[in-house]
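Student: Next up is a structure, given as structure tokens.
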Amino acid sequence: MADWIPIALGRDIPDGVTRAVIVDSRELVIWRGSDGVAHVWEDRCPHRGMRLSLGFVRGNALNCLYHGWEYGAAANCLRIPAHPDLTVPPTIRANAFAATEAGGMVWMSDAGADAPPHLPELTPVISLAIEAAPERVLPVLGGSTAQTLVTLPFAGGTLQVGWHRVHATKTMLHAAGTNIDIAAATAHLRALRQNLEQGAAA
Ligand code: FES
């Protein structure tokens, strides 16, 4: 996972929200603090493995639902409620990935990827799950899995469709655009999904 991968529309992760997402069979959480910054972490508390996506955001920290360990924006544990006087060792930290936002999408990467993507601000359209492998989905969009984003002319505007692999036979699309009729673009992508999924079932 060396490149930047679009994993959600930023619009769908408002301040104070956690969202579970599976990227290439890895369970991750996206959360956004009150400062508006989106974070992408492994969806696992370092204490006993609880899903952090079930936790809650308070200010710019994510709190685990189970025993309330609190993790700051830098992913280090700030507070252990059962030991309020403890100075938490800096080695206790969630597993964080690099995260950024561009073109209305949240992007993630393992450390060491190239510079994050630069895109103009785009109007979010829809995120769609398709029960088909990316190798089937991307050619139908006119692209290939070698592309992070597929650019489609659409009804006088332009659609930018990012994607990520959920697992071998499931793909998530994240569409945004410029000069775009959101309802028409949404209907177009839903029809494409229906065709792909019916084709897979045939
Ligand atoms: S499992 Fe998260 S605080 Fe215990």
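Residues are named by chain letter and number: chains run A, B, ... in the order of the structure tokens, numbers start at 1 in each chain, and ligands are numbered from 1 in the order shown.
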From a DSSP calculation on the backbone, collect every residue of segment 30-179 of chain A in helix (DSSP H, G or I) and output the set as a list in words.
Tutor: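 Selecting the helix (DSSP H, G or I) positions of segment 30-179 of chain A gives Leu52, Ser53, Leu54, Pro134, Glu135, Arg136, Val137, Leu138, Pro139, Val140 and Leu141 of chain A.
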Student: Those same residues, written as a CSV table (one decimal), in the first residue's frame with N, CA and C atoms?
Tutor:
chain,number,residue,atom,x,y,z
A,52,LEU,N,-11.8,0.8,17.4
A,52,LEU,CA,-11.8,2.2,17.8
A,52,LEU,C,-12.9,2.9,17.1
A,53,SER,N,-13.4,2.3,16.0
A,53,SER,CA,-14.6,3.0,15.3
A,53,SER,C,-15.8,3.0,16.1
A,54,LEU,N,-15.8,2.1,17.2
A,54,LEU,CA,-17.0,2.1,18.1
A,54,LEU,C,-16.8,3.2,19.2
A,134,PRO,N,-12.2,-4.9,-8.4
A,134,PRO,CA,-11.7,-3.7,-9.1
A,134,PRO,C,-11.3,-3.9,-10.5
A,135,GLU,N,-10.7,-5.1,-10.8
A,135,GLU,CA,-10.3,-5.5,-12.1
A,135,GLU,C,-11.5,-5.5,-13.1
A,136,ARG,N,-12.7,-5.8,-12.6
A,136,ARG,CA,-13.9,-5.7,-13.4
A,136,ARG,C,-14.5,-4.3,-13.5
A,137,VAL,N,-14.4,-3.6,-12.3
A,137,VAL,CA,-15.1,-2.3,-12.2
A,137,VAL,C,-14.4,-1.2,-13.0
A,138,LEU,N,-13.1,-1.1,-12.9
A,138,LEU,CA,-12.4,0.0,-13.4
A,138,LEU,C,-12.5,0.0,-15.0
A,139,PRO,N,-12.3,-1.1,-15.7
A,139,PRO,CA,-12.5,-1.0,-17.2
A,139,PRO,C,-13.9,-0.5,-17.6
A,140,VAL,N,-14.9,-0.9,-16.8
A,140,VAL,CA,-16.3,-0.4,-17.2
A,140,VAL,C,-16.4,1.1,-17.0
A,141,LEU,N,-15.6,1.7,-16.1
A,141,LEU,CA,-15.5,3.1,-15.9
A,141,LEU,C,-14.7,3.8,-17.0
Student: Restrict the calculation to only C-alpha atoms and all ligand atoms, then for each residue of chain A with any atom at most 8 Å from an atom of ligand 1 give the closest atom pair and their distance in Å to one decimal, rows by chain and rising residue number, as a tab-separated table.
Tutor:
residue	atom	partner	partner_atom_place_in_ligand_line	distance
A:Arg44	CA	ligand 1	2 (Fe)	7.9
A:Cys45	CA	ligand 1	2 (Fe)	4.7
A:Pro46	CA	ligand 1	2 (Fe)	6.6
A:His47	CA	ligand 1	1 (S)	4.6
A:Arg48	CA	ligand 1	1 (S)	3.8
A:Gly49	CA	ligand 1	1 (S)	5.2
A:Met50	CA	ligand 1	1 (S)	4.5
A:Arg51	CA	ligand 1	2 (Fe)	7.7
A:Leu52	CA	ligand 1	2 (Fe)	7.3
A:Asn63	CA	ligand 1	3 (S)	7.7
A:Cys64	CA	ligand 1	2 (Fe)	4.6
A:Leu65	CA	ligand 1	2 (Fe)	6.4
A:Tyr66	CA	ligand 1	4 (Fe)	4.9
A:His67	CA	ligand 1	3 (S)	3.8
A:Gly68	CA	ligand 1	3 (S)	4.8
A:Trp69	CA	ligand 1	3 (S)	4.3
A:Glu70	CA	ligand 1	3 (S)	7.7
A:Ile80	CA	ligand 1	3 (S)	7.6
Student: Just how far from atom CA of Ala115 of chain A is atom CA of Asn179 of chain A, in Å to one decimal?
Tutor: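 Computed distance, atom CA of Asn179 of chain A to atom CA of Ala115 of chain A, equals 27.2 Å.
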Student: Find the distance between atom CA of Arg58 of chain A and atom CA of Leu86 of chain A and write it in Å to one decimal.
Tutor: 20.2 Å
Student: His167 of chain A: which residues within 8 Å, counting only C-alpha atoms, same-chain residues fewer than 3 positions away excluded, as a PyMOL selection string?
Tutor: chain A and resi 22-25+133+170-171
Student: Go ahead and save the picked residues with N, CA and C atoms, as a PDB file, in the first residue's frame.
Tutor:
ATOM      1  N   ILE A  22     -12.895  -0.694   5.326  1.00  0.00           N
ATOM      2  CA  ILE A  22     -11.975  -1.796   5.038  1.00  0.00           C
ATOM      3  C   ILE A  22     -11.242  -1.472   3.742  1.00  0.00           C
ATOM      4  N   VAL A  23      -9.936  -1.454   3.797  1.00  0.00           N
ATOM      5  CA  VAL A  23      -9.104  -1.138   2.633  1.00  0.00           C
ATOM      6  C   VAL A  23      -8.153  -2.305   2.418  1.00  0.00           C
ATOM      7  N   ASP A  24      -8.343  -2.986   1.299  1.00  0.00           N
ATOM      8  CA  ASP A  24      -7.471  -4.118   1.001  1.00  0.00           C
ATOM      9  C   ASP A  24      -7.449  -5.111   2.170  1.00  0.00           C
ATOM     10  N   SER A  25      -8.633  -5.416   2.671  1.00  0.00           N
ATOM     11  CA  SER A  25      -8.844  -6.375   3.765  1.00  0.00           C
ATOM     12  C   SER A  25      -8.317  -5.889   5.111  1.00  0.00           C
ATOM     13  N   ALA A 133     -14.884  -7.222  -8.317  1.00  0.00           N
ATOM     14  CA  ALA A 133     -13.457  -6.919  -8.161  1.00  0.00           C
ATOM     15  C   ALA A 133     -13.103  -5.633  -8.895  1.00  0.00           C
ATOM     16  N   LYS A 170     -14.784  -7.026  -3.929  1.00  0.00           N
ATOM     17  CA  LYS A 170     -15.601  -5.858  -3.564  1.00  0.00           C
ATOM     18  C   LYS A 170     -14.794  -4.582  -3.749  1.00  0.00           C
ATOM     19  N   THR A 171     -15.445  -3.578  -4.343  1.00  0.00           N
ATOM     20  CA  THR A 171     -14.784  -2.312  -4.664  1.00  0.00           C
ATOM     21  C   THR A 171     -15.607  -1.169  -4.090  1.00  0.00           C
TER      22      THR A 171
END
